[in-house]
file run09.json (JSON, C-alpha atoms)
[["chain", "number", "residue", "atom", "x", "y", "z"],
["H", 1, "MET", "CA", 0.00, 0.00, 0.00],
["H", 2, "SER", "CA", 1.61, 3.26, -1.13],
["H", 3, "LYS", "CA", 1.55, 6.30, 1.13],
["H", 4, "MET", "CA", 3.03, 9.78, 1.36],
["H", 5, "MET", "CA", 6.23, 9.55, 3.42],
["H", 6, "ASN", "CA", 8.12, 12.74, 2.51],
["H", 7, "PRO", "CA", 9.35, 14.98, 5.40],
["H", 8, "ARG", "CA", 6.30, 16.80, 6.78],
["H", 9, "PHE", "CA", 7.82, 20.11, 7.83],
["H", 10, "LYS", "CA", 9.85, 20.43, 4.64],
["H", 11, "GLU", "CA", 6.69, 19.82, 2.61],
["H", 12, "CYS", "CA", 4.80, 22.48, 4.59],
["H", 13, "ARG", "CA", 7.55, 25.03, 3.91],
["H", 14, "ARG", "CA", 7.62, 24.14, 0.20],
["H", 15, "LEU", "CA", 3.83, 24.50, -0.10],
["H", 16, "GLY", "CA", 3.78, 27.66, 2.03],
["H", 17, "LEU", "CA", 1.01, 26.25, 4.21],
["H", 18, "ASN", "CA", 0.87, 24.20, 7.40],
["H", 19, "VAL", "CA", -0.77, 21.13, 5.84],
["H", 20, "CYS", "CA", 0.32, 18.72, 8.58],
["H", 21, "GLY", "CA", -1.21, 20.71, 11.46],
["H", 22, "HIS", "CA", 1.89, 20.64, 13.68],
["H", 23, "PRO", "CA", 2.36, 23.92, 15.60],
["H", 24, "LYS", "CA", 6.10, 24.03, 14.79],
["H", 25, "ALA", "CA", 5.83, 23.09, 11.12],
["H", 26, "MET", "CA", 6.43, 26.62, 9.81],
["H", 27, "ASN", "CA", 9.03, 27.75, 12.38],
["H", 28, "ARG", "CA", 11.93, 27.59, 9.91],
["H", 29, "GLN", "CA", 10.01, 29.13, 7.02],
["H", 30, "THR", "CA", 11.97, 31.86, 5.23],
["H", 31, "LYS", "CA", 10.78, 34.30, 2.61],
["H", 32, "GLY", "CA", 11.18, 32.93, -0.88],
["H", 33, "ALA", "CA", 11.40, 29.28, 0.21],
["H", 34, "SER", "CA", 7.80, 28.50, -0.70],
["H", 35, "ARG", "CA", 6.47, 28.02, -4.20],
["H", 36, "ALA", "CA", 3.69, 30.39, -3.16],
["H", 37, "ASP", "CA", 6.28, 33.18, -2.79],
["H", 38, "LYS", "CA", 7.16, 32.97, -6.47],
["H", 39, "LYS", "CA", 5.22, 34.44, -9.37],
["H", 40, "LEU", "CA", 3.10, 31.60, -10.68],
["H", 41, "SER", "CA", 1.16, 31.12, -13.88],
["H", 42, "ASN", "CA", -2.50, 30.11, -13.70],
["H", 43, "TYR", "CA", -1.42, 26.50, -14.16],
["H", 44, "GLY", "CA", 1.19, 26.89, -11.40],
["H", 45, "MET", "CA", -1.42, 28.24, -8.97],
["H", 46, "GLN", "CA", -3.78, 25.37, -9.81],
["H", 47, "LEU", "CA", -0.99, 22.82, -9.34],
["H", 48, "LEU", "CA", 0.00, 24.32, -5.99],
["H", 49, "GLU", "CA", -3.56, 24.18, -4.65],
["H", 50, "LYS", "CA", -3.93, 20.58, -5.83],
["H", 51, "GLN", "CA", -0.69, 19.62, -4.07],
["H", 52, "ARG", "CA", -1.80, 21.39, -0.89],
["H", 53, "LEU", "CA", -5.15, 19.60, -0.83],
["H", 54, "ARG", "CA", -3.54, 16.21, -1.42],
["H", 55, "ALA", "CA", -1.03, 16.90, 1.36],
["H", 56, "TYR", "CA", -3.76, 17.90, 3.83],
["H", 57, "TYR", "CA", -5.37, 14.46, 3.53],
["H", 58, "GLY", "CA", -2.30, 12.36, 2.67],
["H", 59, "VAL", "CA", -3.88, 10.96, -0.50],
["H", 60, "MET", "CA", -1.91, 9.57, -3.45],
["H", 61, "GLU", "CA", -2.49, 10.97, -6.95],
["H", 62, "LYS", "CA", -4.27, 7.96, -8.45],
["H", 63, "GLN", "CA", -6.81, 7.80, -5.63],
["H", 64, "PHE", "CA", -7.19, 11.58, -5.67],
["H", 65, "VAL", "CA", -8.11, 11.55, -9.37],
["H", 66, "GLY", "CA", -10.80, 8.96, -8.56],
["H", 67, "TYR", "CA", -12.25, 11.32, -5.94],
["H", 68, "VAL", "CA", -12.27, 14.18, -8.46],
["H", 69, "ARG", "CA", -14.19, 12.04, -10.95],
["H", 70, "GLU", "CA", -16.71, 11.13, -8.26],
["H", 71, "ALA", "CA", -17.07, 14.78, -7.18],
["H", 72, "LYS", "CA", -17.82, 15.84, -10.77],
["H", 73, "LYS", "CA", -20.83, 13.52, -10.79],
["H", 74, "SER", "CA", -22.21, 15.09, -7.61],
["H", 75, "ASN", "CA", -25.09, 17.55, -7.52],
["H", 76, "ASP", "CA", -22.98, 19.87, -5.35],
["H", 77, "GLN", "CA", -20.33, 22.27, -6.59],
["H", 78, "THR", "CA", -17.38, 20.04, -7.61],
["H", 79, "GLY", "CA", -14.83, 21.59, -5.24],
["H", 80, "TYR", "CA", -17.09, 21.32, -2.21],
["H", 81, "ALA", "CA", -18.11, 17.77, -3.18],
["H", 82, "LEU", "CA", -14.44, 16.78, -3.41],
["H", 83, "VAL", "CA", -13.65, 18.18, 0.03],
["H", 84, "LYS", "CA", -16.69, 16.40, 1.53],
["H", 85, "ILE", "CA", -15.46, 13.08, 0.10],
["H", 86, "LEU", "CA", -11.98, 13.62, 1.56],
["H", 87, "GLU", "CA", -13.43, 14.74, 4.90],
["H", 88, "SER", "CA", -15.47, 11.54, 5.26],
["H", 89, "ARG", "CA", -12.44, 9.24, 4.98],
["H", 90, "LEU", "CA", -11.92, 7.16, 8.13],
["H", 91, "ASP", "CA", -8.32, 8.25, 8.72],
["H", 92, "ASN", "CA", -9.35, 11.91, 8.51],
["H", 93, "LEU", "CA", -12.24, 11.50, 10.96],
["H", 94, "VAL", "CA", -9.99, 9.63, 13.40],
["H", 95, "TYR", "CA", -7.73, 12.70, 13.25],
["H", 96, "ARG", "CA", -10.60, 15.19, 13.54],
["H", 97, "LEU", "CA", -12.04, 13.38, 16.57],
["H", 98, "GLY", "CA", -8.69, 13.71, 18.33],
["H", 99, "PHE", "CA", -7.63, 10.06, 18.50],
["H", 100, "ALA", "CA", -4.44, 11.02, 16.65],
["H", 101, "SER", "CA", -2.27, 14.15, 16.57],
["H", 102, "SER", "CA", -1.74, 14.00, 12.80],
["H", 103, "ILE", "CA", -3.29, 12.45, 9.70],
["H", 104, "ARG", "CA", -0.30, 10.10, 9.42],
["H", 105, "GLN", "CA", -0.73, 8.88, 12.98],
["H", 106, "ALA", "CA", -4.46, 8.40, 12.31],
["H", 107, "ARG", "CA", -3.69, 6.34, 9.21],
["H", 108, "GLN", "CA", -1.30, 4.16, 11.20],
["H", 109, "MET", "CA", -3.88, 3.63, 13.96],
["H", 110, "VAL", "CA", -6.44, 2.47, 11.41],
["H", 111, "VAL", "CA", -4.02, 0.14, 9.59],
["H", 112, "HIS", "CA", -2.92, -1.43, 12.89],
["H", 113, "GLY", "CA", -6.50, -2.23, 13.86],
["H", 114, "HIS", "CA", -6.99, 0.20, 16.76],
["H", 115, "ILE", "CA", -10.19, 1.72, 15.33],
["H", 116, "LYS", "CA", -13.73, 0.35, 15.10],
["H", 117, "VAL", "CA", -16.68, 1.63, 13.06],
["H", 118, "ASN", "CA", -20.07, 0.64, 14.48],
["H", 119, "GLY", "CA", -18.32, -1.99, 16.60],
["H", 120, "ASN", "CA", -16.47, -3.61, 13.69],
["H", 121, "LYS", "CA", -12.72, -3.34, 13.20],
["H", 122, "ILE", "CA", -11.89, -1.43, 10.02],
["H", 123, "ASP", "CA", -8.25, -1.29, 8.90],
["H", 124, "ILE", "CA", -8.69, 0.62, 5.62],
["H", 125, "PRO", "CA", -7.75, 4.32, 5.97],
["H", 126, "SER", "CA", -9.76, 5.33, 2.90],
["H", 127, "TYR", "CA", -12.93, 3.66, 4.21],
["H", 128, "ARG", "CA", -15.87, 6.04, 3.63],
["H", 129, "VAL", "CA", -17.71, 6.79, 6.86],
["H", 130, "ASN", "CA", -21.46, 7.27, 6.53],
["H", 131, "ILE", "CA", -23.60, 9.77, 8.41],
["H", 132, "GLY", "CA", -24.60, 8.26, 11.76],
["H", 133, "ASP", "CA", -21.61, 5.90, 11.94],
["H", 134, "GLU", "CA", -19.83, 5.62, 15.29],
["H", 135, "ILE", "CA", -16.04, 5.57, 15.37],
["H", 136, "SER", "CA", -14.44, 4.19, 18.51],
["H", 137, "LEU", "CA", -11.08, 3.21, 19.91],
["H", 138, "LYS", "CA", -10.72, -0.55, 20.41],
["H", 139, "GLU", "CA", -11.11, -1.50, 24.09],
["H", 140, "SER", "CA", -7.59, -2.91, 24.46],
["H", 141, "SER", "CA", -6.12, 0.18, 22.75],
["H", 142, "ARG", "CA", -7.59, 2.49, 25.38],
["H", 143, "ASN", "CA", -4.74, 1.44, 27.68],
["H", 144, "ILE", "CA", -2.19, 2.94, 25.29],
["H", 145, "GLU", "CA", -1.21, 6.23, 26.90],
["H", 146, "LEU", "CA", -0.58, 8.08, 23.62],
["H", 147, "PHE", "CA", -4.05, 7.34, 22.20],
["H", 148, "ARG", "CA", -5.82, 8.00, 25.50],
["H", 149, "ASP", "CA", -4.03, 11.30, 26.07],
["H", 150, "ASN", "CA", -4.63, 12.42, 22.48],
["H", 151, "PHE", "CA", -8.36, 11.87, 22.78],
["H", 152, "LEU", "CA", -8.84, 13.33, 26.24],
["H", 153, "SER", "CA", -6.69, 16.41, 25.59],
["H", 154, "ASN", "CA", -8.66, 17.28, 22.43],
["H", 155, "ASN", "CA", -11.93, 17.80, 24.28],
["H", 156, "PHE", "CA", -12.29, 21.42, 23.16],
["H", 157, "ASN", "CA", -11.34, 20.96, 19.51],
["H", 158, "VAL", "CA", -14.68, 19.53, 18.38],
["H", 159, "TYR", "CA", -16.11, 20.13, 14.91],
["H", 160, "PRO", "CA", -19.85, 20.80, 14.60],
["H", 161, "TYR", "CA", -20.39, 17.82, 12.27],
["H", 162, "LEU", "CA", -18.88, 15.42, 14.83],
["H", 163, "LYS", "CA", -20.06, 14.40, 18.29],
["H", 164, "LYS", "CA", -17.55, 13.10, 20.84],
["H", 165, "ASP", "CA", -18.27, 10.72, 23.70],
["H", 166, "MET", "CA", -15.38, 11.19, 26.12],
["H", 167, "ASN", "CA", -16.50, 8.38, 28.45],
["H", 168, "ASN", "CA", -16.63, 5.71, 25.75],
["H", 169, "PHE", "CA", -13.67, 6.90, 23.66],
["H", 170, "SER", "CA", -15.87, 7.28, 20.63],
["H", 171, "GLY", "CA", -17.35, 9.81, 18.27],
["H", 172, "LYS", "CA", -20.13, 10.00, 15.72],
["H", 173, "PHE", "CA", -20.26, 11.50, 12.23],
["H", 174, "ILE", "CA", -23.58, 13.28, 12.65],
["H", 175, "ARG", "CA", -23.83, 15.18, 9.34],
["H", 176, "LEU", "CA", -21.90, 16.33, 6.31],
["H", 177, "PRO", "CA", -19.87, 19.45, 7.03],
["H", 178, "GLU", "CA", -20.49, 22.88, 5.56],
["H", 179, "ARG", "CA", -17.52, 24.15, 3.55],
["H", 180, "GLU", "CA", -16.69, 26.89, 6.07],
["H", 181, "GLU", "CA", -16.56, 24.31, 8.89],
["H", 182, "ILE", "CA", -13.75, 22.33, 7.25],
["H", 183, "PRO", "CA", -10.43, 23.65, 8.62],
["H", 184, "ILE", "CA", -8.40, 23.77, 5.41],
["H", 185, "GLU", "CA", -7.12, 26.84, 3.56],
["H", 186, "ILE", "CA", -7.69, 25.77, -0.02],
["H", 187, "GLU", "CA", -9.24, 27.40, -3.07],
["H", 188, "ASP", "CA", -11.28, 24.41, -4.22],
["H", 189, "GLN", "CA", -12.06, 25.93, -7.60],
["H", 190, "LEU", "CA", -8.38, 26.02, -8.59],
["H", 191, "VAL", "CA", -8.12, 22.27, -7.91],
["H", 192, "VAL", "CA", -11.17, 21.63, -10.09],
["H", 193, "GLU", "CA", -9.72, 23.81, -12.85],
["H", 194, "PHE", "CA", -6.44, 21.86, -12.71],
["H", 195, "TYR", "CA", -8.24, 18.59, -13.38],
["H", 196, "SER", "CA", -10.71, 19.99, -15.92],
["H", 197, "ARG", "CA", -8.29, 19.23, -18.76],
["H", 198, "LEU", "CA", -7.30, 15.82, -17.40],
["H", 199, "VAL", "CA", -10.45, 14.20, -15.98]]

call {"tool": "encode", "arguments": {"input": "run09.json", "output": "structure tokens"}}
result
Amino acid sequence: MSKMMNPRFKECRRLGLNVCGHPKAMNRQTKGASRADKKLSNYGMQLLEKQRLRAYYGVMEKQFVGYVREAKKSNDQTGYALVKILESRLDNLVYRLGFASSIRQARQMVVHGHIKVNGNKIDIPSYRVNIGDEISLKESSRNIELFRDNFLSNNFNVYPYLKKDMNNFSGKFIRLPEREEIPIEIEDQLVVEFYSRLV
């Protein structure tokens, strides 16, 4: 299974945006180091936004193109539909609920079988979570200090489309998010424009 393994902080500085969510990711950023600091053509701007969005969710290009194709068939605006698809991935929701401190850690937790959906173990990071599904930490994994501390310390960082149950180490995907509720700084339309000639 392929995955994005390039250095996180270096990637953030190159993209000019903290796509990994770590508070120290941009500490060594210098003016001119980011591609965003350079004068870009329309194509360059579209490419940069596409790379930023992929980096936010840790998705490989082939799978990302599949999501774009699916979003184009949606009744919603293509950019918003694409972000909703990415937001409903299991690894992303594990991260959003606070089980993990990064999308990479969330992916690893899922692959290693620490996460259940509606009581069933799911080890596929790209698994699409449905509205009403409950995501929980496996009982035996609740003794792992890192996972427990992650979840309990993220009590205040709750998104309106998710509901956390602190006592049962679980959370529920209660509805699809509005675009403004999704914490990513991306111009969706530029991503759609990039793929308009390819997909």

call {"tool": "closest_residue", "arguments": {"input": "run09.json", "among": "H:Arg52, H:His114, H:Lys72, H:Arg13", "to": "Ser136 (chain H)", "atoms": "all atoms listed in the file"}}
result
H:His114

call {"tool": "residues_around", "arguments": {"input": "run09.json", "residues": "Asn130 (chain H)", "least_positions_apart": "4", "cutoff": "9 Å", "atoms": "all atoms listed in the file", "output": "MDAnalysis selection string"}}
result
chainID H and resid 88 173:175

call {"tool": "atom_distance", "arguments": {"input": "run09.json", "atom1": "CA of Val110 (chain H)", "atom2": "CA of Leu86 (chain H)"}}
result
15.9 Å

call {"tool": "residues_near_point", "arguments": {"input": "run09.json", "point": "(-5.0, 21.8, -14.2)", "cutoff": "7 Å", "atoms": "all atoms listed in the file", "output": "PyMOL selection string"}}
result
chain H and resi 43+46-47+193-197

call {"tool": "axis_aligned_box", "arguments": {"input": "run09.json", "around": "region 83-99 of chain H", "padding_each_side": "6 Å", "output": "lines of an AutoDock Vina configuration file"}}
result
center_x = -12.2
center_y = 12.7
center_z = 9.3
size_x = 21.1
size_y = 23.0
size_z = 30.5

call {"tool": "residues_around", "arguments": {"input": "run09.json", "residues": "Pro160 (chain H)", "least_positions_apart": "6", "cutoff": "12 Å", "atoms": "only C-alpha atoms", "output": "ChimeraX atom specification"}}
result
/H:96-97,171-183

call {"tool": "residues_around", "arguments": {"input": "run09.json", "residues": "Tyr57 (chain H)", "least_positions_apart": "2", "cutoff": "7 Å", "atoms": "only C-alpha atoms", "output": "PyMOL selection string"}}
result
chain H and resi 53-55+59+86+92+103

call {"tool": "residues_around", "arguments": {"input": "run09.json", "residues": "Arg89 (chain H)", "least_positions_apart": "2", "cutoff": "10 Å", "atoms": "all atoms listed in the file", "output": "list in words"}}
result
Tyr57, Lys84, Ile85, Leu86, Glu87, Asp91, Asn92, Leu93, Val94, Ile124, Pro125, Ser126, Tyr127, Arg128, Val129 and Asn130 of chain H

call {"tool": "atom_distance", "arguments": {"input": "run09.json", "atom1": "CA of Arg142 (chain H)", "atom2": "CA of Phe169 (chain H)"}}
result
7.7 Å

call {"tool": "atom_distance", "arguments": {"input": "run09.json", "atom1": "CA of Ser140 (chain H)", "atom2": "CA of Lys164 (chain H)"}}
result
19.2 Å

call {"tool": "residues_around", "arguments": {"input": "run09.json", "residues": "region 146-148 of chain H", "least_positions_apart": "6", "cutoff": "12 Å", "atoms": "all atoms listed in the file", "output": "PyMOL selection string"}}
result
chain H and resi 94-95+97-102+105-106+108-109+114-115+136-140+154-155+166-170

call {"tool": "closest_residue", "arguments": {"input": "run09.json", "among": "H:Glu187, H:Glu134, H:Leu198, H:Tyr159", "to": "Met45 (chain H)", "atoms": "all atoms listed in the file"}}
result
H:Glu187
